[in-house]
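This report concerns only the one structure given below.
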Amino acid sequence: MNIEHVTANGIDLAVISSGDAVITGARSALELAMSARYETGAERIVTGKRPVCEDFFILSTGLAGEILQKFVNYHVKAAIYGDCGILSMNPTRARTSSSCLRRRRPCED
């Protein structure tokens, strides 16, 4: 894992790069944020999708909510860039959800 300090338009950023998943849970995300703040002094984190585990992008796991809540509590701003379209939810579940919305009735999954 590499943490690089970048200043863009007078804003300090901590740019995280890694070949494998570094953010695997709320605890690891908070540790990364605090390490980035300590090493660079930046409260803003920028990373690609590779250092973030795939469960983050599956909203039904609740992992994204846990991580983002930690970031809010500790005043950390974060951005994840890259093509996350391939990490979308199961197409069958998406069709079921959209058909329930059209019928205006609760889904029974």
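Here's how to read the names in the structure tokens: chain A, B, ... by the order shown, residue numbers from 1 in each chain, ligand numbers from 1 in the order shown.
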Could you give me the residues within stretch 17-70 of chain A that DSSP places in alpha helix (DSSP H), as a list of chain:residue names?
->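 The residues of stretch 17-70 of chain A classed as alpha helix (DSSP H) are A:Ala26, A:Arg27, A:Ser28, A:Ala29, A:Leu30, A:Glu31, A:Leu32, A:Ala33, A:Met34, A:Ser35, A:Ala36, A:Arg37, A:Tyr38, A:Glu39, A:Thr40, A:Leu63, A:Ala64, A:Gly65, A:Glu66, A:Ile67, A:Leu68, A:Gln69, A:Lys70.
By only C-alpha atoms, and with residues fewer than 3 positions from stretch 31-38 of chain A along its chain excluded, the set lying at most 8 Å from it is A:Ile3, A:Ala14, A:Ile23, A:Arg27, A:Ser28, A:Gly41, A:Ala42, A:Glu43, A:Ile45, A:Phe71, A:Val76.
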Could you list, as a PDB file with all heavy atoms, in the first residue's frame, every residue within 9 Å of A:Gly19, counting only C-alpha atoms and ignoring same-chain residues fewer than 6 positions away?
```
ATOM      1  N   MET A   1       0.842  -1.165   0.000  1.00  0.00           N
ATOM      2  CA  MET A   1       0.000   0.000   0.000  1.00  0.00           C
ATOM      3  C   MET A   1       0.895   1.239   0.000  1.00  0.00           C
ATOM      4  O   MET A   1       1.912   1.284   0.681  1.00  0.00           O
ATOM      5  CB  MET A   1      -0.901   0.008   1.232  1.00  0.00           C
ATOM      6  CG  MET A   1      -1.731   1.258   1.333  1.00  0.00           C
ATOM      7  SD  MET A   1      -2.719   1.386   2.821  1.00  0.00           S
ATOM      8  CE  MET A   1      -1.494   1.533   4.067  1.00  0.00           C
ATOM      9  N   ARG A  50      -9.669  -0.753  -6.645  1.00  0.00           N
ATOM     10  CA  ARG A  50      -8.888  -1.953  -6.324  1.00  0.00           C
ATOM     11  C   ARG A  50      -8.601  -2.105  -4.825  1.00  0.00           C
ATOM     12  O   ARG A  50      -8.728  -3.207  -4.295  1.00  0.00           O
ATOM     13  CB  ARG A  50      -7.593  -1.970  -7.118  1.00  0.00           C
ATOM     14  CG  ARG A  50      -6.765  -3.210  -6.817  1.00  0.00           C
ATOM     15  CD  ARG A  50      -5.678  -3.408  -7.791  1.00  0.00           C
ATOM     16  NE  ARG A  50      -6.280  -3.972  -9.000  1.00  0.00           N
ATOM     17  CZ  ARG A  50      -5.655  -4.067 -10.140  1.00  0.00           C
ATOM     18  NH1 ARG A  50      -4.439  -3.630 -10.255  1.00  0.00           N
ATOM     19  NH2 ARG A  50      -6.247  -4.594 -11.187  1.00  0.00           N
ATOM     20  N   PRO A  51      -8.230  -1.043  -4.080  1.00  0.00           N
ATOM     21  CA  PRO A  51      -7.983  -1.214  -2.640  1.00  0.00           C
ATOM     22  C   PRO A  51      -9.247  -1.439  -1.798  1.00  0.00           C
ATOM     23  O   PRO A  51      -9.167  -1.677  -0.610  1.00  0.00           O
ATOM     24  CB  PRO A  51      -7.305   0.098  -2.222  1.00  0.00           C
ATOM     25  CG  PRO A  51      -6.802   0.687  -3.479  1.00  0.00           C
ATOM     26  CD  PRO A  51      -7.742   0.245  -4.541  1.00  0.00           C
TER      27      PRO A  51
END
```
Residue with the minimum atom-to-atom distance to A:Ala21, picked from A:Val52, A:Ser60, A:Lys77, A:Asp83 with only C-alpha atoms counted, is A:Val52
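Reported to one decimal place, the separation of atom CA of A:Glu39 from atom CA of A:Thr7 is 14.0 Å.
Residues in contact range of A:Val6, defined as at most 9 Å between only C-alpha atoms, with sequence neighbours fewer than 4 positions away removed, read Ile11, Asp12, Leu13, Ala14, Val15, Thr40 and Ala42 of chain A.
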Dump of N, CA, C and O atoms for the selected residues, as a CSV table (one decimal), in the first residue's frame:
```csv
chain,number,residue,atom,x,y,z
A,11,ILE,N,-6.1,22.2,-1.8
A,11,ILE,CA,-6.7,21.1,-1.0
A,11,ILE,C,-5.7,20.0,-0.8
A,11,ILE,O,-5.2,19.4,-1.8
A,12,ASP,N,-5.5,19.6,0.4
A,12,ASP,CA,-4.6,18.4,0.7
A,12,ASP,C,-5.4,17.1,0.4
A,12,ASP,O,-6.5,16.9,1.0
A,13,LEU,N,-4.8,16.2,-0.3
A,13,LEU,CA,-5.4,14.9,-0.6
A,13,LEU,C,-4.4,13.8,-0.2
A,13,LEU,O,-3.2,13.9,-0.5
A,14,ALA,N,-4.9,12.7,0.3
A,14,ALA,CA,-4.1,11.5,0.5
A,14,ALA,C,-4.6,10.5,-0.6
A,14,ALA,O,-5.7,10.0,-0.6
A,15,VAL,N,-3.7,10.2,-1.5
A,15,VAL,CA,-4.0,9.3,-2.6
A,15,VAL,C,-3.5,7.9,-2.3
A,15,VAL,O,-2.3,7.7,-2.1
A,40,THR,N,0.0,12.3,6.0
A,40,THR,CA,0.0,13.4,5.0
A,40,THR,C,-0.7,14.6,5.6
A,40,THR,O,-0.5,15.7,5.0
A,42,ALA,N,-3.8,15.1,5.5
A,42,ALA,CA,-5.0,15.3,4.7
A,42,ALA,C,-6.2,14.7,5.3
A,42,ALA,O,-6.1,13.6,5.9
```
Would you mind writing down, as a ChimeraX atom specification, each residue of stretch 7-102 of chain A that DSSP on the backbone assigns to strand (DSSP E)?
-> /A:7-8,11-17,44-48,77-81
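Between A:Ile67 and the residues A:Ala8, A:Ile80, A:Ala26, A:Cys53, the shortest atom-to-atom distance, using only C-alpha atoms, involves A:Ala26.
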Separation of atom CA of A:Thr61 from atom CA of A:Arg44, in Å and rounded to one decimal = 24.8 Å
A:Gln69 surroundings by only C-alpha atoms, 12 Å radius, close-in-sequence under 3 positions cut, as a ChimeraX atom specification = /A:25-27,29-30,62-66,72-78
